[in-house]
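**Student:** Data: protein_36.txt, compact mmCIF, C-alpha atoms.
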# COMPACT_ATOMS: atom_id res chain seq x y z
CA MET C 1257 35.02 10.66 -44.78
CA ALA C 1258 33.64 13.73 -43.02
CA SER C 1259 34.70 14.45 -39.44
CA THR C 1260 32.36 13.91 -36.52
CA LYS C 1261 32.06 17.67 -36.01
CA GLU C 1262 31.16 18.19 -39.65
CA ILE C 1263 28.54 15.45 -39.56
CA LEU C 1264 26.96 16.83 -36.37
CA GLY C 1265 26.70 20.30 -37.91
CA GLN C 1266 24.71 22.72 -35.76
CA ASP C 1267 24.47 20.11 -32.96
CA ALA C 1268 28.26 19.83 -32.60
CA ASP C 1269 28.72 22.30 -29.76
CA TYR C 1270 25.60 21.11 -27.94
CA LEU C 1271 26.79 17.50 -27.91
CA LEU C 1272 30.59 17.70 -27.90
CA ASN C 1273 30.97 20.38 -25.24
CA HIS C 1274 28.21 19.48 -22.80
CA GLN C 1275 29.38 18.98 -19.20
CA SER C 1276 27.13 16.79 -17.12
CA LYS C 1277 26.21 17.98 -13.63
CA THR C 1278 24.16 14.94 -12.64
CA VAL C 1279 26.35 12.03 -11.55
CA PRO C 1280 30.14 12.54 -11.75
CA LYS C 1281 31.87 10.53 -14.44
CA GLU C 1282 34.35 9.37 -11.80
CA ASN C 1283 31.55 7.29 -10.24
CA LEU C 1284 31.07 5.23 -13.40
CA TYR C 1285 32.75 2.04 -14.56
CA VAL C 1286 33.69 3.35 -17.98
CA PRO C 1287 34.77 1.32 -21.01
CA GLY C 1288 38.47 0.93 -21.63
CA PRO C 1289 41.07 -1.56 -22.87
CA ASP C 1290 41.17 -3.19 -19.42
CA PHE C 1291 37.39 -3.48 -18.90
CA VAL C 1292 37.35 -7.28 -18.66
CA ASP C 1293 40.14 -7.27 -16.06
CA ARG C 1294 38.88 -4.19 -14.23
CA VAL C 1295 35.15 -4.96 -14.11
CA TYR C 1296 34.04 -8.38 -15.35
CA LYS C 1297 36.86 -10.18 -13.55
CA ALA C 1298 35.34 -9.20 -10.19
CA THR C 1299 32.11 -11.05 -11.03
CA ASP C 1300 31.20 -14.72 -10.65
CA ARG C 1301 31.78 -15.28 -14.39
CA SER C 1302 34.01 -18.23 -15.25
CA PRO C 1303 37.38 -17.88 -17.00
CA VAL C 1304 35.71 -19.16 -20.18
CA VAL C 1305 33.13 -16.34 -20.09
CA LEU C 1306 35.92 -13.83 -19.55
CA ARG C 1307 37.83 -15.27 -22.50
CA ASN C 1308 34.82 -15.02 -24.80
CA LEU C 1309 34.01 -11.48 -23.66
CA GLN C 1310 37.64 -10.50 -24.24
CA SER C 1311 37.48 -11.94 -27.77
CA LEU C 1312 34.42 -9.76 -28.38
CA PHE C 1313 36.28 -6.65 -27.21
CA ASP C 1314 39.45 -7.51 -29.12
CA HIS C 1315 37.91 -7.91 -32.58
CA GLY C 1316 37.42 -5.35 -35.33
CA GLN C 1317 38.15 -1.67 -35.74
CA LEU C 1318 37.42 -0.94 -32.08
CA GLY C 1319 39.39 -3.94 -30.81
CA GLY C 1320 41.33 -3.05 -27.68
CA THR C 1321 39.35 0.12 -26.90
CA GLY C 1322 36.66 -1.33 -24.63
CA TYR C 1323 33.94 -0.11 -27.01
CA LEU C 1324 31.70 -2.23 -29.21
CA SER C 1325 30.34 -1.86 -32.74
CA ILE C 1326 27.92 -4.73 -33.40
CA LEU C 1327 25.86 -5.46 -36.52
CA PRO C 1328 22.48 -6.94 -35.47
CA VAL C 1329 20.27 -8.49 -38.13
CA ASP C 1330 17.39 -10.42 -36.60
CA GLN C 1331 14.77 -8.33 -38.38
CA GLY C 1332 13.85 -11.20 -40.70
CA ILE C 1333 11.80 -12.46 -37.77
CA GLU C 1334 11.27 -9.31 -35.72
CA HIS C 1335 10.01 -7.15 -38.63
CA SER C 1336 9.40 -9.83 -41.32
CA ALA C 1337 11.91 -10.81 -43.98
CA GLY C 1338 10.09 -8.99 -46.76
CA ALA C 1339 9.84 -5.69 -44.91
CA SER C 1340 13.46 -5.91 -43.82
CA PHE C 1341 15.33 -7.29 -46.83
CA ALA C 1342 13.29 -6.15 -49.85
CA PRO C 1343 15.35 -2.90 -50.07
CA ASN C 1344 18.49 -5.10 -50.49
CA PRO C 1345 17.49 -8.67 -51.43
CA MET C 1346 21.10 -9.83 -51.08
CA TYR C 1347 20.52 -9.93 -47.31
CA PHE C 1348 18.02 -12.76 -47.61
CA ASP C 1349 21.29 -14.74 -47.71
CA PRO C 1350 22.79 -14.77 -44.18
CA GLU C 1351 26.29 -14.95 -45.65
CA ASN C 1352 25.97 -11.38 -46.87
CA ILE C 1353 24.96 -10.24 -43.38
CA VAL C 1354 28.20 -11.67 -42.03
CA LYS C 1355 30.18 -10.19 -44.92
CA LEU C 1356 28.73 -6.74 -44.15
CA ALA C 1357 29.87 -7.08 -40.52
CA MET C 1358 33.32 -8.17 -41.63
CA GLU C 1359 33.70 -5.48 -44.29
CA SER C 1360 32.61 -2.90 -41.71
CA ASN C 1361 35.20 -4.30 -39.27
CA CYS C 1362 32.62 -4.76 -36.50
CA ASN C 1363 33.38 -6.42 -33.17
CA ALA C 1364 30.66 -9.00 -33.82
CA VAL C 1365 27.60 -9.96 -35.81
CA ALA C 1366 24.31 -10.73 -34.03
CA SER C 1367 21.59 -12.71 -35.75
CA THR C 1368 19.19 -15.61 -35.37
CA VAL C 1369 20.25 -19.14 -34.48
CA GLY C 1370 19.06 -20.22 -37.93
CA ALA C 1371 20.89 -17.50 -39.87
CA LEU C 1372 24.21 -17.90 -38.07
CA GLY C 1373 23.90 -21.67 -37.96
CA SER C 1374 23.53 -21.79 -41.73
CA ILE C 1375 27.05 -20.43 -42.30
CA ALA C 1376 28.77 -21.17 -38.96
CA ARG C 1377 31.48 -23.49 -40.28
CA ASP C 1378 32.66 -20.85 -42.74
CA TYR C 1379 32.59 -17.81 -40.47
CA ALA C 1380 32.38 -18.52 -36.70
CA HIS C 1381 36.19 -18.50 -36.48
CA LYS C 1382 36.48 -15.26 -38.47
CA ILE C 1383 34.15 -12.92 -36.56
CA PRO C 1384 32.51 -13.34 -33.13
CA PHE C 1385 28.93 -14.63 -33.32
CA ILE C 1386 26.13 -13.45 -31.01
CA ALA C 1387 23.24 -15.88 -31.39
CA LYS C 1388 19.79 -14.44 -30.68
CA ILE C 1389 17.68 -17.17 -29.09
CA ASN C 1390 14.19 -15.61 -28.77
CA HIS C 1391 12.01 -13.49 -31.05
CA ASN C 1392 8.64 -11.89 -31.66
CA GLU C 1393 7.19 -13.50 -34.79
CA LEU C 1394 4.76 -11.49 -36.90
CA LEU C 1395 2.83 -14.16 -38.80
CA THR C 1396 0.24 -14.92 -36.12
CA TYR C 1397 -3.09 -13.20 -36.84
CA PRO C 1398 -4.56 -11.34 -35.04
CA GLU C 1399 -1.12 -9.93 -34.26
CA THR C 1400 0.45 -10.72 -30.91
CA HIS C 1401 3.56 -9.31 -29.26
CA ASP C 1402 5.53 -11.88 -27.33
CA GLN C 1403 9.14 -13.04 -27.22
CA ILE C 1404 9.28 -16.81 -27.57
CA MET C 1405 12.25 -19.15 -27.75
CA PHE C 1406 13.44 -20.00 -31.26
CA GLY C 1407 16.71 -21.62 -30.25
CA SER C 1408 18.72 -22.81 -27.28
CA VAL C 1409 21.92 -21.78 -25.57
CA ASP C 1410 23.39 -25.18 -26.43
CA GLN C 1411 22.78 -24.53 -30.13
CA ALA C 1412 24.60 -21.21 -29.81
CA TYR C 1413 27.49 -22.92 -28.04
CA ASN C 1414 27.74 -25.69 -30.64
CA MET C 1415 27.90 -23.26 -33.56
CA GLY C 1416 30.83 -21.43 -31.94
CA ALA C 1417 29.08 -18.28 -30.70
CA VAL C 1418 30.86 -16.20 -28.05
CA ALA C 1419 27.59 -14.87 -26.59
CA VAL C 1420 23.83 -15.25 -26.68
CA GLY C 1421 21.29 -12.48 -27.06
CA ALA C 1422 17.69 -12.38 -25.86
CA THR C 1423 14.86 -9.86 -25.67
CA ILE C 1424 12.43 -9.15 -22.86
CA TYR C 1425 9.38 -6.95 -23.36
CA PHE C 1426 9.40 -5.40 -19.91
CA GLY C 1427 5.96 -4.20 -18.87
CA SER C 1428 4.09 -6.59 -21.16
CA GLU C 1429 1.58 -9.18 -19.99
CA GLN C 1430 4.10 -11.90 -20.84
CA SER C 1431 7.11 -10.27 -19.18
CA ASP C 1432 7.06 -12.49 -16.07
CA ARG C 1433 7.41 -15.62 -18.21
CA GLN C 1434 10.06 -14.00 -20.43
CA ILE C 1435 12.09 -12.95 -17.37
CA GLN C 1436 12.08 -16.52 -16.05
CA GLU C 1437 12.99 -18.01 -19.44
CA VAL C 1438 15.83 -15.58 -20.05
CA SER C 1439 17.13 -15.97 -16.50
CA LYS C 1440 17.47 -19.73 -17.01
CA ALA C 1441 18.99 -19.26 -20.46
CA PHE C 1442 21.59 -16.79 -19.16
CA GLU C 1443 22.47 -19.14 -16.31
CA ARG C 1444 23.07 -21.90 -18.86
CA ALA C 1445 25.06 -19.55 -21.10
CA HIS C 1446 27.42 -18.65 -18.29
CA GLN C 1447 27.79 -22.33 -17.41
CA LEU C 1448 28.94 -23.00 -20.97
CA GLY C 1449 31.21 -19.95 -21.02
CA LEU C 1450 29.13 -17.64 -23.22
CA GLY C 1451 28.54 -13.96 -22.66
CA THR C 1452 24.99 -12.63 -22.30
CA ILE C 1453 23.38 -9.64 -24.01
CA LEU C 1454 19.83 -8.53 -23.22
CA TRP C 1455 17.64 -6.45 -25.52
CA ALA C 1456 15.75 -4.57 -22.74
CA TYR C 1457 12.70 -3.18 -24.49
CA LEU C 1458 9.45 -1.83 -23.05
CA ARG C 1459 6.10 -2.93 -24.45
CA ASN C 1460 2.77 -1.81 -23.02
CA PRO C 1461 0.07 0.42 -24.54
CA GLY C 1462 -0.23 2.06 -21.12
CA PHE C 1463 3.17 3.68 -21.66
CA LYS C 1464 1.52 6.01 -24.18
CA LYS C 1465 -0.20 8.89 -22.44
CA ASP C 1466 -1.93 11.99 -23.78
CA GLY C 1467 -0.29 11.65 -27.18
CA THR C 1468 3.24 11.10 -25.85
CA ASP C 1469 5.06 7.79 -26.17
CA TYR C 1470 7.04 6.97 -23.02
CA HIS C 1471 8.44 3.67 -24.29
CA THR C 1472 11.74 5.52 -24.64
CA ALA C 1473 11.50 7.60 -21.46
CA SER C 1474 14.76 7.70 -19.53
CA ASP C 1475 13.20 6.70 -16.22
CA LEU C 1476 11.27 3.71 -17.60
CA THR C 1477 14.02 2.40 -19.90
CA SER C 1478 16.53 2.77 -17.09
CA GLN C 1479 14.48 0.51 -14.83
CA ALA C 1480 14.41 -2.08 -17.61
CA ILE C 1481 18.20 -1.80 -17.73
CA HIS C 1482 18.44 -2.29 -13.98
CA LEU C 1483 16.29 -5.42 -14.24
CA SER C 1484 18.53 -6.66 -17.06
CA ALA C 1485 21.68 -6.22 -15.01
CA SER C 1486 19.91 -8.05 -12.19
CA LEU C 1487 19.39 -10.96 -14.60
CA GLN C 1488 23.19 -11.06 -15.05
CA ALA C 1489 23.26 -9.57 -18.52
CA ASP C 1490 26.90 -8.78 -19.28
CA ILE C 1491 25.78 -6.16 -21.81
CA VAL C 1492 22.40 -4.44 -22.11
CA LYS C 1493 20.95 -3.13 -25.36
CA GLN C 1494 18.51 -0.28 -24.92
CA LYS C 1495 16.92 2.38 -27.09
CA MET C 1496 18.31 5.85 -26.56
CA PRO C 1497 15.95 7.95 -24.40
CA THR C 1498 13.91 10.58 -26.20
CA ASN C 1499 12.02 11.98 -23.20
CA ASN C 1500 11.60 11.50 -19.44
CA GLY C 1501 8.93 11.37 -16.78
CA GLY C 1502 7.25 8.15 -17.85
CA TYR C 1503 6.53 7.11 -14.28
CA THR C 1504 4.89 10.40 -13.39
CA ALA C 1505 2.95 10.74 -16.65
CA VAL C 1506 1.53 7.23 -16.55
CA GLY C 1507 1.00 7.34 -12.77
CA TYR C 1508 2.59 3.94 -12.44
CA GLY C 1509 5.20 2.23 -10.27
CA LYS C 1510 7.57 4.03 -7.95
CA THR C 1511 10.10 6.77 -8.55
CA HIS C 1512 11.69 9.69 -6.69
CA ASP C 1513 11.74 13.46 -7.22
CA LYS C 1514 15.56 13.45 -7.34
CA VAL C 1515 15.46 11.32 -10.48
CA TYR C 1516 14.18 14.40 -12.31
CA SER C 1517 15.67 17.26 -10.28
CA GLU C 1518 19.24 16.00 -9.72
CA LEU C 1519 19.97 12.73 -11.55
CA THR C 1520 18.76 13.81 -15.00
CA SER C 1521 18.26 16.94 -17.05
CA ASP C 1522 16.64 17.48 -20.44
CA HIS C 1523 20.00 17.01 -22.22
CA PRO C 1524 20.21 13.68 -24.11
CA ILE C 1525 23.63 12.90 -22.62
CA ASP C 1526 22.25 13.24 -19.10
CA LEU C 1527 19.17 11.17 -19.95
CA THR C 1528 21.48 8.44 -21.29
CA ARG C 1529 23.80 8.71 -18.30
CA TYR C 1530 20.86 7.78 -16.09
CA GLN C 1531 20.59 4.60 -18.17
CA VAL C 1532 24.28 3.91 -17.49
CA MET C 1533 23.72 4.48 -13.76
CA ASN C 1534 21.03 1.83 -13.77
CA SER C 1535 23.38 -0.68 -15.42
CA PHE C 1536 25.09 -0.99 -12.02
CA MET C 1537 26.96 2.27 -12.72
CA GLY C 1538 28.30 0.78 -15.95
CA ARG C 1539 29.34 -2.65 -14.66
CA ALA C 1540 26.94 -4.07 -17.27
CA GLY C 1541 27.89 -2.29 -20.47
CA LEU C 1542 25.19 -0.13 -22.10
CA ILE C 1543 24.92 -0.29 -25.87
CA ASN C 1544 22.25 1.82 -27.53
CA SER C 1545 20.39 0.75 -30.65
CA GLY C 1546 20.69 2.61 -33.93
CA GLY C 1547 16.97 2.63 -34.74
CA GLY C 1548 15.25 2.42 -38.10
CA SER C 1549 16.50 3.69 -41.45
CA ALA C 1550 15.79 7.21 -42.70
CA GLU C 1551 17.28 9.86 -44.99
CA SER C 1552 19.42 11.24 -42.14
CA ASP C 1553 20.92 7.87 -41.17
CA LEU C 1554 24.55 9.02 -41.07
CA GLU C 1555 23.84 12.09 -38.95
CA ASP C 1556 21.50 10.20 -36.63
CA ALA C 1557 23.96 7.34 -36.12
CA VAL C 1558 26.90 9.61 -35.33
CA LYS C 1559 24.76 11.70 -32.99
CA THR C 1560 23.64 8.56 -31.13
CA ALA C 1561 27.25 7.38 -30.85
CA VAL C 1562 28.44 10.69 -29.40
CA ILE C 1563 25.62 10.74 -26.84
CA ASN C 1564 26.25 7.12 -25.83
CA LYS C 1565 30.01 7.55 -25.49
CA ARG C 1566 29.90 10.83 -23.60
CA ALA C 1567 27.24 9.43 -21.25
CA GLY C 1568 29.46 6.47 -20.35
CA GLY C 1569 28.01 3.85 -22.67
CA MET C 1570 29.88 0.99 -24.31
CA GLY C 1571 28.91 1.35 -27.95
CA LEU C 1572 26.28 1.01 -30.62
CA ILE C 1573 24.40 -1.95 -32.07
CA MET C 1574 23.11 -0.81 -35.45
CA GLY C 1575 21.45 -2.82 -38.19
CA ARG C 1576 18.76 -1.27 -40.39
CA LYS C 1577 20.69 1.94 -40.97
CA ALA C 1578 23.37 -0.23 -42.58
CA PHE C 1579 21.79 -3.24 -44.29
CA GLN C 1580 18.83 -1.36 -45.78
CA ARG C 1581 21.24 0.77 -47.80
CA PRO C 1582 23.75 -0.19 -50.52
CA MET C 1583 26.67 -2.00 -48.89
CA ASP C 1584 29.18 0.82 -49.44
CA GLU C 1585 26.83 3.33 -47.78
CA GLY C 1586 26.15 0.96 -44.89
CA ILE C 1587 29.87 0.46 -44.35
CA GLU C 1588 30.44 4.23 -44.34
CA ILE C 1589 27.79 4.73 -41.64
CA ILE C 1590 29.21 1.98 -39.43
CA ARG C 1591 32.77 3.25 -39.82
CA SER C 1592 31.68 6.80 -39.01
CA VAL C 1593 30.21 5.49 -35.76
CA GLN C 1594 33.40 3.58 -35.02
CA SER C 1595 35.38 6.78 -35.56
CA VAL C 1596 33.46 8.41 -32.70
CA TYR C 1597 34.53 5.69 -30.26
CA ALA C 1598 38.11 5.63 -31.56
CA ASP C 1599 38.44 9.42 -31.21
CA LYS C 1600 40.16 10.08 -27.87
CA SER C 1601 39.19 13.77 -28.01
CA ILE C 1602 35.52 12.78 -27.54
CA THR C 1603 35.47 12.20 -23.80
CA LEU C 1604 32.97 11.58 -21.02
CA ALA C 1605 30.77 14.54 -20.18
Represent the supplied structure as structure tokens.
**Tutor:**
Amino acid sequence: MASTKEILGQDADYLLNHQSKTVPKENLYVPGPDFVDRVYKATDRSPVVLRNLQSLFDHGQLGGTGYLSILPVDQGIEHSAGASFAPNPMYFDPENIVKLAMESNCNAVASTVGALGSIARDYAHKIPFIAKINHNELLTYPETHDQIMFGSVDQAYNMGAVAVGATIYFGSEQSDRQIQEVSKAFERAHQLGLGTILWAYLRNPGFKKDGTDYHTASDLTSQAIHLSASLQADIVKQKMPTNNGGYTAVGYGKTHDKVYSELTSDHPIDLTRYQVMNSFMGRAGLINSGGGSAESDLEDAVKTAVINKRAGGMGLIMGRKAFQRPMDEGIEIIRSVQSVYADKSITLA
């Protein structure tokens, strides 16, 4: 397997040697083997939540490092089963999704209540389950975009999951309702001892301005992360920022000049560090998503992992880059990402 430096190619120096001058790394709560004791233990989470979070951190290739490599496959609902699984029809069977996570030595597998529930007795004791309880279904016509509940926290608990996952489309017309639903679900999850992971996505046509898409702007995505931490998400999943200045471009909400002059720069590590800052300075772990599949999947995944780790993030949650390729290629991509987090020479910027 090629080294991280070899995979990064001409971007290696730019990403591996960058030194951030925004917020000092010493101010962050950074991942490590003692993260549950050092950070989560100070919260109001019960001993059962702490135990389940620790089991998540202790499993797989990255077990004991404080970093997470999670395989998420809820695209059968979110992107339609045909669009998602036609490249590899074996993944219409949820058992093969779990097998991919196990063969890749991931910390956990995240999927729908239905998918995980269909094979729970065979696998819930072998790899941590993260049960996704709400989704955006794509069969309604004309098309709508809304996260609605497909399952309950109690179902996740009964199948042996260690955590629940949910999505909020921050900025959408339905976001107020979604926030209230997820808040109640996360409260119930913590009562039952489950961890909570929030997919903190933006969704509003107004976030596109003059030909530029600000759905992945650092300032806007970071506010979604801050809202997620405020909802008591233990871990927040967010897309990696590709630009900045969403607030100023859209002329919306409130921001501050220092966000752009001192707290960020145009370097992707600094843009991602601002996301970490908004996760209560890292108290709620930031995991970035791997994005869709393309020819450059390996390079893109490793690049995302380096940026996330050096910014102060907690890991990567990557699905389509893995399951839309032959299994051996998917495993190689996931293990290459894991190598970034296991490499002690790749440090915080």
**Student:** For region 1284-1391 of chain C against region 1410-1432 of chain C, with a cut-off of 7 Å and counting all atoms listed in the file, what is the closest atom pair and its distance in Å to one decimal for every residue that makes the cut, ordered by chain and number, as CSV?
**Tutor:**
residue,atom,partner,partner_atom,distance
C:Asn1308,CA,C:Val1418,CA,5.3
C:Val1369,CA,C:Ala1412,CA,6.7
C:Gly1373,CA,C:Met1415,CA,6.2
C:Ala1376,CA,C:Met1415,CA,5.9
C:Ala1380,CA,C:Gly1416,CA,5.8
C:Pro1384,CA,C:Val1418,CA,6.1
C:Phe1385,CA,C:Ala1417,CA,4.5
C:Ile1386,CA,C:Ala1419,CA,4.9
C:Ala1387,CA,C:Val1420,CA,4.8
C:Lys1388,CA,C:Gly1421,CA,4.4
C:Ile1389,CA,C:Ala1422,CA,5.8
C:Asn1390,CA,C:Ala1422,CA,5.6
**Student:** Just how far from CA of Gly1569 (chain C) is CA of Ala1258 (chain C), in Å to one decimal?
**Tutor:**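 These atoms are spaced 23.3 Å apart.
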**Student:** Measuring atom to atom with all atoms listed in the file, identify which of C:Phe1341, C:Tyr1296, C:Tyr1323, C:Tyr1270 is nearest to Pro1582 (chain C).
**Tutor:**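 That would be C:Phe1341, the residue with the smallest distance to Pro1582 (chain C).
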**Student:** Within 8 Å of Gln1494 (chain C), counting all atoms listed in the file, which residues qualify if same-chain residues fewer than 5 places away don't, as a list in words?
**Tutor:**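 Result of the neighbour search: Trp1455, Ala1456, Tyr1457, Thr1477, Ile1481, Leu1542, Ile1543, Asn1544 and Ser1545 of chain C.
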**Student:** Just the number, please: distance in Å from CA of Asp1556 (chain C) to CA of Ser1311 (chain C), one decimal.
**Tutor:**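 CA of Asp1556 (chain C) sits 28.7 Å away from CA of Ser1311 (chain C).
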**Student:** To one decimal place, how far is CA of Gly1451 (chain C) from CA of Ser1486 (chain C) in Å?
**Tutor:** 14.8 Å
**Student:** Which residue gives the smallest distance to Pro1524 (chain C) among C:Pro1289, C:Pro1497, C:Pro1350, C:Pro1398, with all atoms listed in the file counted?
**Tutor:** C:Pro1497
**Student:** Which residues are close to Ile1491 (chain C), i.e. within 8 Å by only C-alpha atoms, leaving aside same-chain residues fewer than 2 positions away? Reply as an mmCIF file with C-alpha atoms, in the frame of the given file.
**Tutor:**
data_model
loop_
_atom_site.group_PDB
_atom_site.id
_atom_site.type_symbol
_atom_site.label_atom_id
_atom_site.label_comp_id
_atom_site.auth_asym_id
_atom_site.auth_seq_id
_atom_site.Cartn_x
_atom_site.Cartn_y
_atom_site.Cartn_z
ATOM 1 C CA THR C 1452 24.990 -12.630 -22.300
ATOM 2 C CA ILE C 1453 23.380 -9.640 -24.010
ATOM 3 C CA LEU C 1454 19.830 -8.530 -23.220
ATOM 4 C CA ALA C 1485 21.680 -6.220 -15.010
ATOM 5 C CA ALA C 1489 23.260 -9.570 -18.520
ATOM 6 C CA LYS C 1493 20.950 -3.130 -25.360
ATOM 7 C CA ALA C 1540 26.940 -4.070 -17.270
ATOM 8 C CA GLY C 1541 27.890 -2.290 -20.470
ATOM 9 C CA LEU C 1542 25.190 -0.130 -22.100
ATOM 10 C CA ILE C 1543 24.920 -0.290 -25.870
#
**Student:** Can you pull out every residue within 9 Å of Thr1520 (chain C), counting all atoms listed in the file, but drop anything in the same chain fewer than 5 positions away, and send it as a PDB file with C-alpha atoms, in the coordinates of the input?
**Tutor:**
ATOM      1  CA  LYS C1277      26.210  17.980 -13.630  1.00  0.00           C
ATOM      2  CA  THR C1278      24.160  14.940 -12.640  1.00  0.00           C
ATOM      3  CA  VAL C1279      26.350  12.030 -11.550  1.00  0.00           C
ATOM      4  CA  SER C1474      14.760   7.700 -19.530  1.00  0.00           C
ATOM      5  CA  ASN C1500      11.600  11.500 -19.440  1.00  0.00           C
ATOM      6  CA  LYS C1514      15.560  13.450  -7.340  1.00  0.00           C
ATOM      7  CA  VAL C1515      15.460  11.320 -10.480  1.00  0.00           C
ATOM      8  CA  ASP C1526      22.250  13.240 -19.100  1.00  0.00           C
ATOM      9  CA  LEU C1527      19.170  11.170 -19.950  1.00  0.00           C
ATOM     10  CA  THR C1528      21.480   8.440 -21.290  1.00  0.00           C
ATOM     11  CA  ARG C1529      23.800   8.710 -18.300  1.00  0.00           C
ATOM     12  CA  TYR C1530      20.860   7.780 -16.090  1.00  0.00           C
TER      13      TYR C1530
END
**Student:** Choose the residue, out of C:Cys1362, C:Leu1476, C:Ile1375, C:Val1532, that has the smallest atom-to-atom separation from Lys1510 (chain C); count all atoms listed in the file.
**Tutor:**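 Answer, going by the shortest atom-to-atom distance: C:Leu1476.
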**Student:** Any idea what's packed within 10 Å of Glu1443 (chain C), counting only C-alpha atoms, ignoring anything in its chain fewer than 3 positions away? Could you give it as a PyMOL selection string?
**Tutor:** chain C and resi 1409+1438-1440+1446-1450+1452+1487-1489
**Student:** Go through C:His1401, C:Ala1598, C:Glu1555, C:Ala1366 and flag the residue nearest Pro1461 (chain C), using only C-alpha atoms for the distances.
**Tutor:**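 That would be C:His1401, the residue with the smallest distance to Pro1461 (chain C).
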**Student:** From the set C:Arg1294, C:Val1562, C:Glu1393, C:Leu1272, which residue has the shortest atom-to-atom contact distance to Ala1337 (chain C), counting all atoms listed in the file?
**Tutor:** C:Glu1393
**Student:** Show me the residues close to (5.0, 8.3, -13.5) - anything with an atom within 12 Å, counting all atoms listed in the file - and format the list as a list in words.
**Tutor:**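 With a cut-off of 12 Å, the residues come to Gly1462, Phe1463, Lys1464, Lys1465, Tyr1470, Ala1473, Ser1474, Asp1475, Leu1476, Asn1500, Gly1501, Gly1502, Tyr1503, Thr1504, Ala1505, Val1506, Gly1507, Tyr1508, Gly1509, Lys1510, Thr1511, His1512, Asp1513, Val1515 and Tyr1516 of chain C.
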